[in-house]
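What follows is query17.txt (compact mmCIF, C-alpha atoms).
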```
# COMPACT_ATOMS: atom_id res chain seq x y z
CA MET Y 1 -7.15 -27.32 18.20
CA THR Y 2 -6.22 -25.39 15.08
CA LEU Y 3 -6.69 -26.04 11.38
CA GLN Y 4 -2.92 -26.21 10.95
CA GLN Y 5 -2.74 -28.94 13.60
CA LEU Y 6 -5.45 -30.90 11.77
CA LEU Y 7 -3.59 -30.44 8.47
CA SER Y 8 -0.44 -31.82 10.08
CA PHE Y 9 -2.37 -34.71 11.62
CA THR Y 10 -4.03 -35.76 8.35
CA ALA Y 11 -0.80 -35.41 6.36
CA ILE Y 12 1.09 -37.68 8.76
CA ALA Y 13 -1.80 -40.15 8.80
CA GLN Y 14 -1.88 -40.32 5.00
CA ILE Y 15 1.88 -40.52 4.48
CA GLY Y 16 2.91 -42.41 7.61
CA SER Y 17 6.00 -40.32 8.15
CA ILE Y 18 6.64 -37.02 9.94
CA ALA Y 19 9.67 -36.31 7.75
CA ARG Y 20 7.79 -36.70 4.47
CA ALA Y 21 4.73 -34.87 5.81
CA ALA Y 22 7.01 -31.99 6.81
CA GLU Y 23 8.30 -31.81 3.25
CA ARG Y 24 4.76 -31.73 1.84
CA LEU Y 25 3.61 -28.99 4.23
CA ALA Y 26 6.91 -27.03 4.10
CA LEU Y 27 7.15 -27.18 7.90
CA SER Y 28 9.88 -28.41 10.20
CA GLN Y 29 9.64 -31.87 11.78
CA PRO Y 30 9.66 -30.41 15.34
CA THR Y 31 6.70 -28.21 14.35
CA LEU Y 32 4.69 -31.21 13.15
CA SER Y 33 5.61 -33.20 16.26
CA GLY Y 34 4.44 -30.27 18.35
CA HIS Y 35 1.12 -30.22 16.52
CA ILE Y 36 0.51 -33.90 17.23
CA LYS Y 37 1.49 -33.55 20.88
CA ALA Y 38 -0.88 -30.62 21.24
CA LEU Y 39 -3.79 -32.59 19.75
CA GLU Y 40 -3.09 -35.66 21.86
CA SER Y 41 -2.91 -33.48 24.97
CA GLU Y 42 -6.15 -31.67 24.14
CA PHE Y 43 -8.05 -34.86 23.25
CA ALA Y 44 -6.38 -36.93 25.98
CA LEU Y 45 -5.90 -39.64 23.35
CA THR Y 46 -3.00 -41.39 21.65
CA LEU Y 47 -3.43 -40.77 17.95
CA PHE Y 48 -0.46 -42.65 16.47
CA SER Y 49 1.50 -45.80 17.07
CA ARG Y 50 5.17 -45.01 16.49
CA THR Y 51 7.19 -47.85 14.95
CA ASN Y 52 10.54 -48.26 13.21
CA THR Y 53 8.80 -48.16 9.84
CA GLY Y 54 6.77 -45.02 10.50
CA MET Y 55 3.57 -43.90 12.16
CA THR Y 56 0.16 -45.56 11.99
CA LEU Y 57 -3.16 -44.41 13.37
CA THR Y 58 -4.50 -45.96 16.54
CA GLY Y 59 -8.18 -46.84 16.80
CA ASP Y 60 -8.79 -43.45 18.43
CA GLY Y 61 -6.67 -41.85 15.72
CA ARG Y 62 -8.85 -43.36 12.98
CA ARG Y 63 -12.00 -41.97 14.62
CA VAL Y 64 -10.43 -38.52 14.90
CA MET Y 65 -9.28 -38.81 11.29
CA LYS Y 66 -12.88 -39.16 10.02
CA HIS Y 67 -13.90 -35.91 11.73
CA ALA Y 68 -10.69 -34.09 10.75
CA GLN Y 69 -11.30 -34.91 7.09
CA LYS Y 70 -14.84 -33.53 7.33
CA ILE Y 71 -13.58 -30.30 8.93
CA LEU Y 72 -10.88 -29.84 6.30
CA ALA Y 73 -13.32 -30.62 3.50
CA ALA Y 74 -15.64 -27.93 4.89
CA ARG Y 75 -12.67 -25.57 4.92
CA GLU Y 76 -11.96 -26.23 1.25
CA GLU Y 77 -15.65 -25.78 0.44
CA LEU Y 78 -15.58 -22.41 2.21
CA PHE Y 79 -12.51 -21.31 0.24
CA ASP Y 80 -14.18 -22.36 -3.01
CA GLU Y 81 -17.29 -20.39 -2.05
CA VAL Y 82 -15.25 -17.29 -1.24
CA LYS Y 83 -13.32 -17.62 -4.50
CA THR Y 84 -16.57 -17.88 -6.44
CA ALA Y 85 -18.00 -14.87 -4.62
CA ARG Y 86 -14.89 -12.83 -5.40
CA GLN Y 87 -14.90 -13.76 -9.05
CA SER Y 88 -18.60 -12.94 -9.31
CA LEU Y 89 -17.97 -9.30 -8.38
CA SER Y 90 -18.05 -7.16 -11.50
CA GLY Y 91 -18.00 -3.49 -12.34
CA GLN Y 92 -15.77 -0.55 -13.11
CA ILE Y 93 -14.00 1.63 -10.56
CA THR Y 94 -12.73 5.02 -11.69
CA ILE Y 95 -9.69 6.26 -9.80
CA GLY Y 96 -8.05 9.65 -10.01
CA VAL Y 97 -4.26 9.70 -10.02
CA ALA Y 98 -2.39 12.79 -8.82
CA SER Y 99 1.05 11.21 -8.78
CA SER Y 100 2.84 8.58 -10.83
CA ASN Y 101 5.19 7.75 -7.93
CA PRO Y 102 6.27 4.08 -8.24
CA SER Y 103 5.64 3.57 -4.52
CA LEU Y 104 1.90 3.60 -5.27
CA LYS Y 105 2.42 0.21 -7.01
CA ILE Y 106 -0.45 0.73 -9.41
CA ASP Y 107 0.96 -1.97 -11.70
CA ALA Y 108 0.91 -4.47 -8.82
CA LEU Y 109 -2.66 -3.44 -7.99
CA LEU Y 110 -3.76 -4.17 -11.56
CA GLU Y 111 -2.09 -7.57 -11.40
CA ARG Y 112 -3.72 -8.38 -8.06
CA ILE Y 113 -7.19 -7.40 -9.30
CA ALA Y 114 -6.72 -9.51 -12.44
CA GLN Y 115 -5.92 -12.51 -10.24
CA THR Y 116 -8.63 -12.12 -7.60
CA HIS Y 117 -11.42 -10.21 -9.34
CA PRO Y 118 -11.09 -10.66 -13.10
CA ARG Y 119 -14.49 -9.08 -13.76
CA ILE Y 120 -13.57 -5.78 -12.09
CA SER Y 121 -12.03 -3.17 -14.39
CA LEU Y 122 -10.07 -0.16 -13.20
CA HIS Y 123 -10.15 3.15 -15.05
CA PHE Y 124 -7.54 5.78 -14.16
CA GLU Y 125 -7.77 9.53 -14.73
CA SER Y 126 -4.79 11.84 -14.22
CA ALA Y 127 -5.64 15.02 -12.30
CA PRO Y 128 -4.34 17.27 -9.50
CA THR Y 129 -5.23 16.29 -5.94
CA ALA Y 130 -7.72 19.15 -5.54
CA ALA Y 131 -9.62 18.08 -8.65
CA ILE Y 132 -9.64 14.44 -7.51
CA ILE Y 133 -11.03 15.38 -4.09
CA GLU Y 134 -13.74 17.50 -5.71
CA ASN Y 135 -14.68 14.75 -8.17
CA VAL Y 136 -14.84 12.11 -5.42
CA MET Y 137 -17.08 14.42 -3.37
CA LYS Y 138 -19.38 14.86 -6.40
CA GLN Y 139 -19.19 11.10 -7.03
CA LYS Y 140 -17.89 11.66 -10.53
CA ILE Y 141 -15.11 9.20 -9.69
CA ASP Y 142 -14.91 6.52 -7.01
CA ALA Y 143 -11.59 7.23 -5.34
CA GLY Y 144 -8.17 8.70 -5.89
CA PHE Y 145 -4.46 8.37 -5.35
CA ILE Y 146 -3.69 11.79 -3.90
CA VAL Y 147 -0.94 13.85 -2.37
CA ALA Y 148 -2.29 14.51 1.11
CA ASP Y 149 -1.34 17.19 3.57
CA PRO Y 150 -2.94 15.81 6.75
CA PRO Y 151 -5.41 16.26 8.22
CA ILE Y 152 -7.63 15.30 5.30
CA SER Y 153 -11.36 16.11 5.36
CA LYS Y 154 -13.51 13.92 7.63
CA ALA Y 155 -15.71 13.30 4.61
CA PHE Y 156 -13.03 10.90 3.37
CA THR Y 157 -11.43 7.70 4.50
CA PHE Y 158 -7.72 7.87 3.75
CA LEU Y 159 -5.47 4.86 3.30
CA GLU Y 160 -1.92 6.11 3.79
CA GLY Y 161 0.60 4.63 1.41
CA LYS Y 162 3.89 6.46 1.81
CA ARG Y 163 5.20 9.50 3.63
CA PHE Y 164 7.69 11.63 1.78
CA LYS Y 165 9.46 14.98 1.92
CA VAL Y 166 8.94 17.96 -0.33
CA ARG Y 167 12.31 19.67 -0.84
CA ALA Y 168 13.44 22.91 -2.48
CA ALA Y 169 15.85 22.53 -5.40
CA ALA Y 170 17.75 25.12 -7.40
CA PRO Y 171 20.04 25.33 -10.42
CA VAL Y 172 23.48 24.27 -9.22
CA ALA Y 173 24.95 27.66 -10.21
CA TRP Y 174 22.78 29.28 -7.51
CA ARG Y 175 24.15 27.14 -4.69
CA GLU Y 176 25.91 30.10 -3.07
CA ASN Y 177 22.55 31.85 -2.54
CA ALA Y 178 20.98 28.87 -0.76
CA HIS Y 179 21.30 30.28 2.78
CA ASP Y 180 20.41 33.92 2.11
CA PRO Y 181 16.63 34.63 2.13
CA LYS Y 182 17.13 38.05 0.53
CA LYS Y 183 18.99 36.56 -2.42
CA LEU Y 184 16.51 33.70 -2.70
CA ASN Y 185 13.62 36.17 -2.77
CA ALA Y 186 15.24 38.02 -5.65
CA LEU Y 187 15.44 34.85 -7.74
CA PRO Y 188 12.54 33.40 -9.79
CA TRP Y 189 10.58 30.50 -8.25
CA ILE Y 190 8.57 27.74 -9.90
CA LEU Y 191 5.59 26.81 -7.71
CA PRO Y 192 2.59 24.46 -7.96
CA LEU Y 193 -0.73 25.92 -9.05
CA GLU Y 194 -2.60 28.03 -6.51
CA GLN Y 195 -5.26 26.26 -4.42
CA SER Y 196 -3.51 22.91 -4.95
CA VAL Y 197 -2.36 20.71 -2.07
CA CYS Y 198 1.22 20.92 -3.32
CA ARG Y 199 1.01 24.72 -3.37
CA HIS Y 200 -0.29 24.67 0.20
CA ILE Y 201 2.74 22.64 1.26
CA ALA Y 202 5.08 24.93 -0.69
CA ASP Y 203 3.53 28.08 0.82
CA ARG Y 204 3.91 26.63 4.32
CA ILE Y 205 7.60 25.86 3.74
CA MET Y 206 8.22 29.31 2.31
CA SER Y 207 6.42 31.05 5.17
CA ARG Y 208 8.55 29.16 7.68
CA HIS Y 209 11.72 30.38 5.96
CA ILE Y 210 10.43 33.92 5.35
CA LEU Y 211 10.54 33.47 1.60
CA GLU Y 212 8.47 35.91 -0.46
CA PRO Y 213 9.87 35.75 -4.00
CA ASP Y 214 9.26 38.64 -6.39
CA HIS Y 215 8.94 36.43 -9.47
CA ILE Y 216 6.79 33.27 -9.54
CA VAL Y 217 5.97 30.86 -12.37
CA CYS Y 218 3.28 28.20 -11.78
CA THR Y 219 3.08 24.67 -13.19
CA ALA Y 220 0.96 21.63 -12.34
CA ASN Y 221 3.59 19.07 -13.41
CA GLU Y 222 6.54 18.11 -11.22
CA MET Y 223 8.58 16.85 -14.17
CA VAL Y 224 8.15 20.24 -15.86
CA THR Y 225 9.29 21.85 -12.62
CA ARG Y 226 12.38 19.66 -12.52
CA ASP Y 227 13.25 20.44 -16.14
CA LEU Y 228 12.82 24.17 -15.55
CA ILE Y 229 15.06 24.03 -12.47
CA ALA Y 230 17.70 22.08 -14.40
CA SER Y 231 17.60 24.63 -17.23
CA GLY Y 232 18.28 27.48 -14.79
CA ALA Y 233 14.79 29.00 -14.97
CA GLY Y 234 14.17 29.10 -11.23
CA ILE Y 235 13.91 27.41 -7.83
CA GLY Y 236 11.15 24.87 -7.19
CA PHE Y 237 9.91 22.06 -5.00
CA LEU Y 238 10.34 18.35 -5.75
CA HIS Y 239 9.07 15.20 -4.04
CA ASP Y 240 11.77 13.38 -2.12
CA ASP Y 241 12.42 10.56 -4.63
CA SER Y 242 12.61 13.00 -7.51
CA ALA Y 243 14.69 15.43 -5.44
CA ILE Y 244 17.26 12.76 -4.55
CA ALA Y 245 17.49 11.71 -8.19
CA ALA Y 246 17.81 15.36 -9.16
CA ALA Y 247 20.68 15.82 -6.72
CA ASN Y 248 22.68 13.40 -8.86
CA ASP Y 249 22.14 15.73 -11.80
CA ASP Y 250 25.06 18.15 -12.14
CA ARG Y 251 22.59 20.91 -12.97
CA ILE Y 252 20.52 20.75 -9.76
CA THR Y 253 21.28 21.26 -6.07
CA LEU Y 254 19.02 20.77 -3.03
CA LEU Y 255 18.53 23.61 -0.57
CA ASP Y 256 19.21 22.07 2.84
CA GLY Y 257 16.47 22.48 5.42
CA ILE Y 258 13.90 24.05 3.08
CA GLU Y 259 11.52 21.09 3.19
CA ASP Y 260 8.42 19.57 4.79
CA GLU Y 261 6.55 16.26 4.93
CA ALA Y 262 3.41 15.05 3.16
CA CYS Y 263 2.11 11.65 2.09
CA LEU Y 264 0.72 9.70 -0.81
CA GLY Y 265 -2.40 7.65 -0.28
CA PHE Y 266 -5.78 6.43 -1.43
CA ALA Y 267 -8.91 8.42 -0.56
CA TYR Y 268 -12.60 7.60 -0.91
CA LEU Y 269 -15.83 8.84 0.62
CA ALA Y 270 -16.35 7.78 4.22
CA GLY Y 271 -19.39 5.57 4.63
CA ARG Y 272 -19.28 4.42 1.01
CA ASP Y 273 -20.92 0.99 0.73
CA ASP Y 274 -19.73 -0.63 -2.47
CA PRO Y 275 -18.45 -4.24 -2.53
CA VAL Y 276 -16.58 -3.62 -5.79
CA LEU Y 277 -14.72 -0.62 -4.34
CA PHE Y 278 -13.98 -2.58 -1.15
CA ALA Y 279 -12.53 -5.40 -3.26
CA VAL Y 280 -10.15 -2.87 -4.84
CA ILE Y 281 -9.26 -1.49 -1.41
CA ASP Y 282 -8.53 -5.00 -0.08
CA ALA Y 283 -6.29 -5.64 -3.08
CA LEU Y 284 -4.48 -2.36 -2.51
CA ARG Y 285 -3.92 -3.13 1.16
CA THR Y 286 -2.39 -6.46 0.14
CA VAL Y 287 -0.15 -4.80 -2.44
CA TRP Y 288 0.94 -2.12 0.05
CA ARG Y 289 1.28 -4.77 2.80
CA LEU Y 290 -0.75 -2.71 5.24
CA ASP Y 291 -2.05 -4.19 8.48
CA ARG Y 292 -3.19 -0.89 10.00
CA PRO Y 293 -6.79 0.29 9.51
CA PRO Y 294 -7.48 3.22 7.16
CA ARG Y 295 -7.42 6.63 8.80
CA PRO Y 296 -10.81 8.41 8.84
```
Show how you would write the structure in this file as structure tokens.
Amino acid sequence: MTLQQLLSFTAIAQIGSIARAAERLALSQPTLSGHIKALESEFALTLFSRTNTGMTLTGDGRRVMKHAQKILAAREELFDEVKTARQSLSGQITIGVASSNPSLKIDALLERIAQTHPRISLHFESAPTAAIIENVMKQKIDAGFIVADPPISKAFTFLEGKRFKVRAAAPVAWRENAHDPKKLNALPWILPLEQSVCRHIADRIMSRHILEPDHIVCTANEMVTRDLIASGAGIGFLHDDSAIAAANDDRITLLDGIEDEACLGFAYLAGRDDPVLFAVIDALRTVWRLDRPPRP
């Protein structure tokens, strides 16, 4: 016996018609018939008398109906209790943001929290991943949307949102130098700040391709990097979405094969026991449509 079977049973009993009950429940008529057959088989009872004018409860059906209504009423009471408990949660969660990538769906998260936990407020602070990780460790902030280069520290629980590629891009006029490491090394490069996660990824890509440029400029902002590349100032690394968009720009070309993978996600201290933070995490999992557990 399932709650859905009981919902089907009570709907048919109240309406007297499988067809109209199916419309109310947004289920097919064969599905509702299957629910009734399953209940009658499990109870070893005939629940309905089937006539040309519809369906009416038998004596056994009326007795089952009384208990079904009590069970469904208890279900509604439970939902009301859960809703009240959710709405009673209150507090502020401070979240660091290292990337404004639309795939993070921060706008959808805000909407979800407003619907389910109206007394929880979210405060966002823009910062590089390294600073977010440090601030979460020191409990200056609660969590962060970060660019991760797995494996992440075991001190954190990491909820993976999206994997993406980091790709090298150059001014389109330099396309002819794209496959010559010596020529690439002689050109200026625009790299993320030292000690940052993005710089670690960039250094790994460059090491793999034996790239040791003579001239390096550092910036913490990917949009600044993209603008500098487009202006002909140097070669740099862009996240996949930005890189693909940049490839449609007549001023930028992607360097095939000079790339690696990282991911965007949500990190917080492992073992953290905070119902307000967990409410935000549940909302985020719903927004991201995740059914896998967070990775420790």
Atom CA of Pro102 of chain Y to atom CA of Arg285 of chain Y, straight-line distance in Å
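Computing the Euclidean distance for atom CA of Arg285 of chain Y and atom CA of Pro102 of chain Y yields 15.6 Å.
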For a quick check of understanding, using only C-alpha atoms, which of Y:Ala143, Y:Ile235, Y:Ile106, Y:Ile229 has the smallest distance to Ala186 of chain Y?
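Answer, going by the shortest atom-to-atom distance: Y:Ile235.
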Distance in Å - atom CA of Arg208 of chain Y versus atom CA of Asp180 of chain Y
13.9 Å
Could you check how far atom CA of Asp250 of chain Y sits from atom CA of Leu228 of chain Y, in Å to one decimal?
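Distance between the two atoms: 14.1 Å.
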Shell of 7 Å around Ala270 of chain Y, only C-alpha atoms, local chain residues under 6 positions omitted, as a list in words:
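So the residues in contact are Ala155, Phe156 and Thr157 of chain Y.
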Excluding Ala21 of chain Y and any residue of its chain fewer than 4 positions from it, enumerate the residues within 7 Å of it, using all atoms listed in the file, and give them as a list in words.
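Within the cut-off, the hits are Ala11, Ile12, Ile15, Ser17 and Leu25 of chain Y.
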With a cut-off of 6 Å, could you pull out the residues of segment 6-107 of chain Y touching segment 114-131 of chain Y and give me the nearest pair of atoms for each, distance in Å to one decimal, using all atoms listed in the file, ordered by chain and ascending number, as JSON lines?
```
{"residue": "Y:Arg86", "atom": "CA", "partner": "Y:His117", "partner_atom": "CA", "distance": 5.9}
{"residue": "Y:Gln87", "atom": "CA", "partner": "Y:His117", "partner_atom": "CA", "distance": 5.0}
{"residue": "Y:Ser90", "atom": "CA", "partner": "Y:Arg119", "partner_atom": "CA", "distance": 4.6}
{"residue": "Y:Gly91", "atom": "CA", "partner": "Y:Ile120", "partner_atom": "CA", "distance": 5.0}
{"residue": "Y:Gln92", "atom": "CA", "partner": "Y:Ser121", "partner_atom": "CA", "distance": 4.7}
{"residue": "Y:Ile93", "atom": "CA", "partner": "Y:Leu122", "partner_atom": "CA", "distance": 5.1}
{"residue": "Y:Thr94", "atom": "CA", "partner": "Y:His123", "partner_atom": "CA", "distance": 4.6}
{"residue": "Y:Ile95", "atom": "CA", "partner": "Y:Phe124", "partner_atom": "CA", "distance": 4.9}
{"residue": "Y:Gly96", "atom": "CA", "partner": "Y:Glu125", "partner_atom": "CA", "distance": 4.7}
{"residue": "Y:Val97", "atom": "CA", "partner": "Y:Ser126", "partner_atom": "CA", "distance": 4.7}
{"residue": "Y:Ala98", "atom": "CA", "partner": "Y:Pro128", "partner_atom": "CA", "distance": 4.9}
```
Keeping only C-alpha atoms, take the residues you just selected and write them out as a tab-separated table (two decimals), in the frame of the given file.
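result-v1.tsv was written with the following content:
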```
chain	number	residue	atom	x	y	z
Y	86	ARG	CA	-14.89	-12.83	-5.40
Y	87	GLN	CA	-14.90	-13.76	-9.05
Y	90	SER	CA	-18.05	-7.16	-11.50
Y	91	GLY	CA	-18.00	-3.49	-12.34
Y	92	GLN	CA	-15.77	-0.55	-13.11
Y	93	ILE	CA	-14.00	1.63	-10.56
Y	94	THR	CA	-12.73	5.02	-11.69
Y	95	ILE	CA	-9.69	6.26	-9.80
Y	96	GLY	CA	-8.05	9.65	-10.01
Y	97	VAL	CA	-4.26	9.70	-10.02
Y	98	ALA	CA	-2.39	12.79	-8.82
```
Taking into account only C-alpha atoms, which residue in the set Y:Leu187, Y:Ala168, Y:Leu89, Y:Val197 is nearest to Thr225 of chain Y?
Y:Ala168
Which of these residues is nearest to Ile205 of chain Y, using only C-alpha atoms: Y:Ile252, Y:Thr31, Y:Gly257, Y:Phe9?
Y:Gly257
Counting only C-alpha atoms, closest pick from Y:Thr253, Y:Ile18, Y:Glu212, Y:Asp107 relative to Trp174 of chain Y is Y:Thr253
